[in-house]
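For reference, input.txt is printed below; it contains compact mmCIF, C-alpha atoms.
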```txt
# COMPACT_ATOMS: atom_id res chain seq x y z
CA MET A 22 85.13 39.40 -7.12
CA ALA A 23 86.46 42.81 -6.18
CA LEU A 24 87.87 44.95 -3.40
CA ARG A 25 85.25 47.30 -1.99
CA TYR A 26 84.77 49.59 1.02
CA ASP A 27 81.91 49.62 3.50
CA GLU A 28 80.12 52.68 4.89
CA LEU A 29 82.93 53.17 7.43
CA LYS A 30 85.50 53.00 4.58
CA ALA A 31 86.83 49.66 5.83
CA PRO A 32 88.05 47.42 2.98
CA PHE A 33 86.59 44.01 2.19
CA VAL A 34 86.66 41.48 -0.63
CA ASP A 35 83.25 41.03 -2.25
CA PHE A 36 82.88 37.47 -3.60
CA GLY A 37 79.30 38.09 -4.71
CA ASN A 38 76.00 36.70 -3.39
CA GLY A 39 76.57 38.35 -0.02
CA VAL A 40 79.85 36.51 0.65
CA ARG A 41 82.64 38.80 1.78
CA LEU A 42 86.01 38.72 3.54
CA ALA A 43 87.01 41.52 5.90
CA LEU A 44 89.51 41.81 8.72
CA ASP A 45 88.23 42.63 12.18
CA LEU A 46 91.00 44.38 14.12
CA GLU A 47 88.77 45.59 16.94
CA GLU A 48 89.11 44.11 20.42
CA PHE A 49 86.18 41.82 21.27
CA THR A 50 83.80 43.22 23.87
CA ASP A 51 80.88 40.77 23.93
CA ALA A 52 80.22 38.81 27.10
CA ALA A 53 80.56 35.36 25.48
CA SER A 54 84.03 36.12 24.11
CA LYS A 55 85.20 37.64 27.37
CA GLU A 56 83.95 34.58 29.26
CA LYS A 57 85.76 32.24 26.84
CA ALA A 58 88.96 34.28 27.11
CA ALA A 59 88.83 34.06 30.91
CA LYS A 60 88.12 30.34 30.88
CA GLU A 61 90.52 29.19 28.15
CA LEU A 62 93.26 31.82 28.27
CA ARG A 63 93.14 33.00 31.92
CA GLU A 64 92.39 36.45 30.48
CA THR A 65 91.18 38.44 33.48
CA ASN A 66 92.11 42.00 34.35
CA ASP A 67 94.45 40.94 37.18
CA VAL A 68 96.22 38.22 35.19
CA THR A 69 96.45 40.39 32.07
CA ASP A 70 97.97 43.35 33.92
CA ALA A 71 100.48 41.21 35.82
CA SER A 72 101.48 39.22 32.73
CA ILE A 73 101.97 42.29 30.54
CA ARG A 74 104.05 43.91 33.26
CA LYS A 75 106.26 40.81 33.67
CA LEU A 76 106.65 40.27 29.91
CA ARG A 77 107.61 43.93 29.50
CA GLU A 78 110.36 43.47 32.11
CA LEU A 79 111.68 40.36 30.36
CA VAL A 80 111.75 42.03 26.94
CA GLN A 81 113.54 45.10 28.30
CA GLN A 82 116.32 42.84 29.53
CA GLU A 83 116.79 41.45 26.00
CA LYS A 84 118.71 44.46 24.70
CA GLN A 85 118.80 43.49 21.02
CA LEU A 86 115.05 42.83 20.81
CA ARG A 87 113.03 45.87 19.82
CA VAL A 88 109.26 45.49 20.13
CA PRO A 89 106.55 47.94 21.28
CA VAL A 90 106.27 46.85 24.92
CA GLU A 91 103.95 49.79 25.73
CA ASP A 92 101.43 48.61 23.12
CA GLU A 93 99.10 46.35 25.09
CA SER A 94 97.38 44.97 22.00
CA PHE A 95 100.78 43.81 20.72
CA MET A 96 101.59 42.20 24.06
CA ARG A 97 98.22 40.43 24.23
CA ARG A 98 98.75 39.02 20.75
CA PHE A 99 101.77 37.08 22.06
CA LEU A 100 100.39 36.31 25.52
CA ARG A 101 97.08 34.83 24.38
CA PRO A 102 98.41 31.66 22.70
CA LYS A 103 100.54 31.00 25.81
CA LYS A 104 97.59 31.58 28.14
CA TYR A 105 99.21 34.61 29.74
CA TYR A 106 102.26 32.80 31.10
CA PRO A 107 104.95 35.46 30.56
CA ASP A 108 108.04 33.24 30.67
CA SER A 109 106.87 30.83 27.97
CA THR A 110 105.54 33.81 25.98
CA PHE A 111 108.96 35.42 26.14
CA ASP A 112 110.66 32.24 24.89
CA MET A 113 108.21 32.07 21.98
CA MET A 114 108.66 35.75 21.16
CA LYS A 115 112.45 35.43 21.04
CA ALA A 116 112.26 32.37 18.77
CA PHE A 117 109.65 34.05 16.54
CA TYR A 118 111.82 37.10 15.95
CA ARG A 119 115.01 35.08 15.57
CA MET A 120 113.30 33.27 12.71
CA LYS A 121 112.19 36.58 11.17
CA ALA A 122 115.81 37.75 11.33
CA LYS A 123 116.89 34.94 8.97
CA GLU A 124 117.23 36.50 5.54
CA ASN A 125 115.47 35.01 2.50
CA PHE A 126 113.71 32.36 4.53
CA ILE A 127 110.19 31.58 5.72
CA SER A 128 109.09 34.75 7.51
CA ASP A 129 111.43 37.68 6.80
CA HIS A 130 110.28 40.78 4.87
CA LEU A 131 106.81 39.45 4.13
CA THR A 132 105.05 41.52 1.46
CA THR A 133 102.27 40.79 -1.01
CA ASN A 134 104.78 41.13 -3.83
CA SER A 135 106.96 38.39 -2.33
CA ILE A 136 104.00 35.95 -2.32
CA LYS A 137 102.35 37.21 -5.51
CA ASN A 138 102.41 33.88 -7.36
CA ALA A 139 101.05 31.92 -4.40
CA LEU A 140 98.14 34.35 -4.04
CA GLU A 141 97.34 34.48 -7.76
CA ASP A 142 97.49 30.68 -8.09
CA ARG A 143 95.24 30.31 -5.01
CA VAL A 144 97.72 27.93 -3.35
CA VAL A 145 96.88 29.40 0.06
CA GLN A 146 93.59 31.19 0.79
CA ILE A 147 91.74 32.74 3.68
CA LEU A 148 88.20 31.44 3.36
CA PRO A 149 85.65 34.22 3.84
CA LYS A 150 83.62 32.54 6.59
CA ARG A 151 84.82 31.51 10.04
CA ASP A 152 83.86 28.08 11.35
CA GLN A 153 81.06 27.58 13.86
CA HIS A 154 83.52 28.18 16.72
CA GLY A 155 84.70 31.54 15.35
CA ARG A 156 87.98 30.18 14.01
CA ARG A 157 89.56 31.48 10.82
CA ILE A 158 89.82 28.86 8.07
CA LEU A 159 92.92 28.73 5.86
CA TYR A 160 92.72 26.53 2.76
CA MET A 161 95.76 25.11 0.96
CA GLU A 162 96.20 23.35 -2.39
CA MET A 163 98.98 20.77 -2.09
CA GLY A 164 98.14 18.56 -5.06
CA ALA A 165 97.31 18.91 -8.74
CA LYS A 166 96.32 22.57 -8.49
CA TRP A 167 99.70 23.49 -7.01
CA ASN A 168 102.24 24.27 -9.74
CA CYS A 169 105.36 23.78 -7.64
CA THR A 170 107.59 24.91 -10.50
CA LYS A 171 105.95 28.34 -10.48
CA VAL A 172 105.30 28.47 -6.73
CA PRO A 173 108.05 26.63 -4.82
CA SER A 174 107.50 25.38 -1.29
CA LEU A 175 109.35 28.33 0.24
CA GLU A 176 106.82 30.76 -1.25
CA VAL A 177 103.95 28.52 -0.11
CA ILE A 178 105.22 28.66 3.47
CA ARG A 179 105.91 32.40 3.26
CA CYS A 180 102.39 32.98 1.95
CA THR A 181 100.95 30.83 4.75
CA ASN A 182 102.95 32.76 7.33
CA MET A 183 101.87 36.13 5.93
CA LEU A 184 98.21 35.15 5.94
CA MET A 185 98.51 33.79 9.48
CA GLU A 186 100.23 36.98 10.62
CA THR A 187 97.42 38.93 8.95
CA VAL A 188 94.52 37.13 10.62
CA GLY A 189 96.65 36.86 13.76
CA GLN A 190 96.22 40.61 14.17
CA GLU A 191 92.51 40.03 14.80
CA PRO A 192 91.70 39.72 18.52
CA THR A 193 88.79 37.41 17.66
CA THR A 194 91.20 35.07 15.86
CA GLN A 195 93.67 35.30 18.74
CA LEU A 196 90.87 34.02 20.95
CA HIS A 197 89.25 31.35 18.76
CA GLY A 198 92.23 30.26 16.67
CA ILE A 199 92.85 29.02 13.14
CA VAL A 200 92.02 25.76 11.37
CA PHE A 201 93.53 24.49 8.14
CA VAL A 202 91.90 22.50 5.37
CA ILE A 203 94.55 21.06 3.03
CA ASN A 204 93.73 19.40 -0.29
CA PHE A 205 96.17 16.69 -1.41
CA ASP A 206 94.26 15.64 -4.53
CA LYS A 207 96.72 14.06 -7.02
CA LEU A 208 99.78 14.72 -4.90
CA SER A 209 102.91 13.82 -6.91
CA LEU A 210 106.56 13.03 -6.26
CA SER A 211 107.39 16.49 -7.62
CA HIS A 212 105.34 18.01 -4.80
CA ILE A 213 106.88 15.72 -2.18
CA GLY A 214 110.37 16.62 -3.40
CA GLN A 215 109.70 20.23 -2.40
CA PHE A 216 109.95 19.24 1.28
CA PRO A 217 113.37 17.93 2.37
CA PRO A 218 113.35 16.76 6.02
CA LYS A 219 115.52 19.60 7.35
CA PHE A 220 113.17 22.21 5.86
CA VAL A 221 110.13 20.32 7.17
CA LYS A 222 111.58 20.21 10.70
CA THR A 223 112.19 23.97 10.66
CA VAL A 224 108.68 24.75 9.39
CA VAL A 225 106.93 22.38 11.79
CA ASP A 226 108.98 23.49 14.81
CA HIS A 227 108.23 27.12 13.99
CA GLY A 228 104.51 26.46 13.64
CA GLN A 229 104.19 24.29 16.75
CA LYS A 230 106.43 26.14 19.18
CA ASN A 231 107.39 29.59 17.96
CA SER A 232 104.37 31.22 16.31
CA PRO A 233 101.83 33.36 18.19
CA HIS A 234 98.85 31.50 16.74
CA ARG A 235 96.36 29.01 18.14
CA ILE A 236 96.24 26.20 15.54
CA LYS A 237 93.10 24.28 16.48
CA GLY A 238 92.91 21.74 13.67
CA ILE A 239 94.57 20.54 10.45
CA HIS A 240 92.10 18.79 8.18
CA ILE A 241 93.44 16.72 5.28
CA VAL A 242 91.17 15.96 2.33
CA ASN A 243 91.74 13.79 -0.74
CA ASN A 244 94.65 12.00 0.91
CA ALA A 245 95.42 8.98 -1.29
CA ARG A 246 98.30 6.50 -1.11
CA MET A 247 100.92 9.06 -2.16
CA PHE A 248 100.03 11.13 0.92
CA ASN A 249 101.37 8.35 3.16
CA ILE A 250 104.84 8.91 1.69
CA PHE A 251 104.52 12.65 2.24
CA PHE A 252 103.25 12.24 5.81
CA LYS A 253 106.25 10.06 6.76
CA ILE A 254 108.46 13.13 6.25
CA PHE A 255 106.37 15.24 8.65
CA LYS A 256 105.36 12.70 11.29
CA PRO A 257 108.69 12.46 13.20
CA PHE A 258 108.59 16.21 13.90
CA LEU A 259 105.00 16.44 15.14
CA GLY A 260 104.46 17.09 18.83
CA LYS A 261 101.60 15.58 20.83
CA LYS A 262 99.25 18.55 20.41
CA TRP A 263 99.51 18.80 16.63
CA SER A 264 99.39 14.99 16.26
CA GLN A 265 96.05 15.03 18.04
CA ARG A 266 94.74 17.86 15.86
CA ILE A 267 95.43 16.32 12.44
CA PHE A 268 92.36 14.69 10.87
CA LEU A 269 92.43 12.59 7.69
CA HIS A 270 89.12 12.72 5.82
CA GLY A 271 89.92 11.03 2.50
CA VAL A 272 87.31 11.99 -0.08
CA GLU A 273 84.52 12.09 2.52
CA PHE A 274 83.42 15.69 3.02
CA LYS A 275 80.82 14.34 5.45
CA SER A 276 83.72 13.51 7.77
CA LEU A 277 85.09 17.06 7.36
CA HIS A 278 81.65 18.47 8.16
CA GLU A 279 81.69 16.70 11.52
CA HIS A 280 84.40 19.23 12.45
CA ILE A 281 83.48 22.25 10.31
CA ASP A 282 79.82 22.91 9.53
CA ALA A 283 78.95 22.75 5.83
CA ASP A 284 77.48 26.27 5.85
CA ARG A 285 80.92 27.54 6.84
CA LEU A 286 82.59 26.00 3.77
CA PRO A 287 82.54 26.65 0.00
CA SER A 288 80.91 24.22 -2.39
CA PHE A 289 84.21 22.64 -3.51
CA LEU A 290 84.51 21.32 0.06
CA GLY A 291 80.92 20.13 0.10
CA GLY A 292 79.76 23.42 1.60
CA THR A 293 76.78 25.60 0.92
CA TYR A 294 78.22 28.83 -0.48
CA GLU A 295 79.89 29.55 -3.79
CA LEU A 296 83.18 31.25 -4.54
CA PRO A 297 83.56 32.80 -8.01
CA VAL A 298 84.68 30.53 -10.83
CA GLU A 299 86.97 33.38 -11.88
CA TYR A 300 88.53 33.64 -8.40
CA ASP A 301 91.19 36.35 -8.51
CA GLY A 302 93.80 35.78 -5.80
CA ALA A 303 95.36 39.17 -6.60
CA VAL A 304 92.32 40.80 -4.96
CA ILE A 305 93.33 39.19 -1.65
CA GLY A 306 96.68 40.90 -2.12
CA GLN A 307 94.84 44.21 -2.60
CA LEU A 308 93.04 43.66 0.70
CA LEU A 309 96.32 42.98 2.49
CA ASP A 310 97.87 46.08 0.91
CA CYS A 311 95.14 48.20 2.51
CA TYR A 312 96.97 47.41 5.76
CA LYS A 313 100.42 47.82 4.26
CA GLU A 314 101.46 50.61 6.62
CA LYS A 315 100.55 48.50 9.64
CA PHE A 316 102.42 45.46 8.34
CA GLU A 317 105.49 47.50 7.42
CA LYS A 318 105.52 48.83 10.98
CA GLU A 319 105.33 45.24 12.25
CA GLU A 320 108.27 44.27 10.04
CA ARG A 321 110.45 46.81 11.85
CA HIS A 322 110.01 44.93 15.11
CA GLY A 323 112.53 42.29 16.11
CA TYR A 324 116.22 41.80 16.70
CA ILE A 325 118.46 44.64 15.62
CA PRO A 326 121.52 43.49 13.68
CA GLU A 327 124.73 43.38 15.67
CA VAL A 328 127.28 45.93 14.55
CA LYS A 329 130.49 44.13 13.65
CA GLU A 330 133.65 45.85 14.73
CA SER A 331 136.00 46.66 11.89
```
Could you render the structure from this file as structure tokens?
Amino acid sequence: MALRYDELKAPFVDFGNGVRLALDLEEFTDAASKEKAAKELRETNDVTDASIRKLRELVQQEKQLRVPVEDESFMRRFLRPKKYYPDSTFDMMKAFYRMKAKENFISDHLTTNSIKNALEDRVVQILPKRDQHGRRILYMEMGAKWNCTKVPSLEVIRCTNMLMETVGQEPTTQLHGIVFVINFDKLSLSHIGQFPPKFVKTVVDHGQKNSPHRIKGIHIVNNARMFNIFFKIFKPFLGKKWSQRIFLHGVEFKSLHEHIDADRLPSFLGGTYELPVEYDGAVIGQLLDCYKEKFEKEERHGYIPEVKES
């Protein structure tokens, strides 16, 4: 497992046996994707132009919010999950950047160094293959393989947010969305204690309402009796859409494969491809750091601090 570069000098993670992970930051141009965007997101030339123009006007009225309104790719990234309705997009954008303005919390100053332990312990991963619908797959360890003393829940959520913001830069992911597979094998009270209700409400509200991502499914595997205790903390805060997109599979990977094809998954999820035994999460950090300049530029967007009068 290593970071390599293709013939165009684009970075990718080589897992061996032809399995690789690369980011695709190019706008989709194929007819099938364009048709899907028009059908599901209302993404036509007329709607896109009008929505970008209206969103630009709304942002310019929010004096403390500094974002690149002339960058159409940036504007589309926020408009797509809201199906090009500018008013609801604007509300989401404000909430998203208000959360990023909160110091030492779930989404401020995201860097690979700040999530180093989560990456190296493989608590959150981007799987190399998309599902059969083109969706990115994020995998999380929330049971025995999660050392919550070394990697507290705040770092887990920060790592998840950074990986979502990373793949969220991909137009193809903006179109097709993201699915989660979360492993709760041997979940313990120590793990559950990492999630007080107030923190859970903040995280869930942010994910459901205030993030520019299309979350298309949350698949739970190895959910035993202890998971029921854990789920009671989350359930009161789940909206209708997320409630309908959570699937409990137990230990049956066959059930998971009814939603995500086996050839899209690694062998530890009953899939057909192998990831290295000596999986090195630090290499994922190296891939992200190849785009460090872009992400640092993104981090400068948002609400400017108010100057307090002396």
Can you list, as a compact mmCIF listing (two decimals) with C-alpha atoms, keeping the file's coordinate frame, every protein, DNA or RNA residue that comes within 12 Å of Pro149 of chain A when you count only C-alpha atoms, leaving out same-chain residues fewer than 5 positions away?
```
# COMPACT_ATOMS: atom_id res chain seq x y z
CA PHE A 33 86.59 44.01 2.19
CA VAL A 34 86.66 41.48 -0.63
CA ASP A 35 83.25 41.03 -2.25
CA PHE A 36 82.88 37.47 -3.60
CA GLY A 37 79.30 38.09 -4.71
CA GLY A 39 76.57 38.35 -0.02
CA VAL A 40 79.85 36.51 0.65
CA ARG A 41 82.64 38.80 1.78
CA LEU A 42 86.01 38.72 3.54
CA ALA A 43 87.01 41.52 5.90
CA LEU A 44 89.51 41.81 8.72
CA GLY A 155 84.70 31.54 15.35
CA ARG A 156 87.98 30.18 14.01
CA ARG A 157 89.56 31.48 10.82
CA ILE A 158 89.82 28.86 8.07
CA LEU A 159 92.92 28.73 5.86
CA TYR A 160 92.72 26.53 2.76
CA VAL A 188 94.52 37.13 10.62
CA ASP A 284 77.48 26.27 5.85
CA ARG A 285 80.92 27.54 6.84
CA LEU A 286 82.59 26.00 3.77
CA PRO A 287 82.54 26.65 0.00
CA TYR A 294 78.22 28.83 -0.48
CA GLU A 295 79.89 29.55 -3.79
CA LEU A 296 83.18 31.25 -4.54
CA ILE A 305 93.33 39.19 -1.65
```
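The space between atom CA of Lys207 of chain A and atom CA of Ser135 of chain A spans 26.8 Å.
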> Can you list, as a ChimeraX atom specification, every protein, DNA or RNA residue that comes within 9 Å of Lys121 of chain A when you count all atoms listed in the file, leaving out same-chain residues fewer than 3 positions away?
Replying inline: /A:116-118,124,126-130,320,323-324
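Using all atoms listed in the file, the residues found no farther than 10 Å from Ile254 of chain A, other than those of its own chain fewer than 6 positions away, are Ile213, Phe216, Pro217, Pro218, Lys219, Val221 and Lys222 of chain A.
Proximity of A:Asp206, A:Glu279, A:Glu64, A:Asp51 to Arg246 of chain A, computed with all atoms listed in the file, is greatest for A:Asp206.
For the choices A:Lys256, A:Arg74, A:Lys313, A:Lys150, the atom-to-atom distance to Leu100 of chain A is smallest for A:Arg74 when using only C-alpha atoms.
Considering the residues A:Phe111, A:Asn231, A:Leu140, A:Leu46 and counting all atoms listed in the file, Lys315 of chain A has its shortest atom-to-atom contact with A:Leu46.
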>> Need to verify the contact set: Cys169 of chain A, 8 Å, only C-alpha atoms, exclusion of same-chain residues closer than 3 positions in sequence. Can you return it as a ChimeraX atom specification?
In response: /A:172-174,211-212,215
> Restricting the calculation to only C-alpha atoms, which member of A:Arg179, A:His280, A:Lys230, A:Arg119 is positioned closest to His154 of chain A?
Replying inline: A:His280
> Hey, what's within 7 Å of segment 28-32 of chain A if we count all atoms listed in the file and toss same-chain stuff fewer than 2 positions away? As a list of chain:residue names, please?
Replying inline: A:Leu24, A:Arg25, A:Tyr26, A:Ala43, A:Leu308
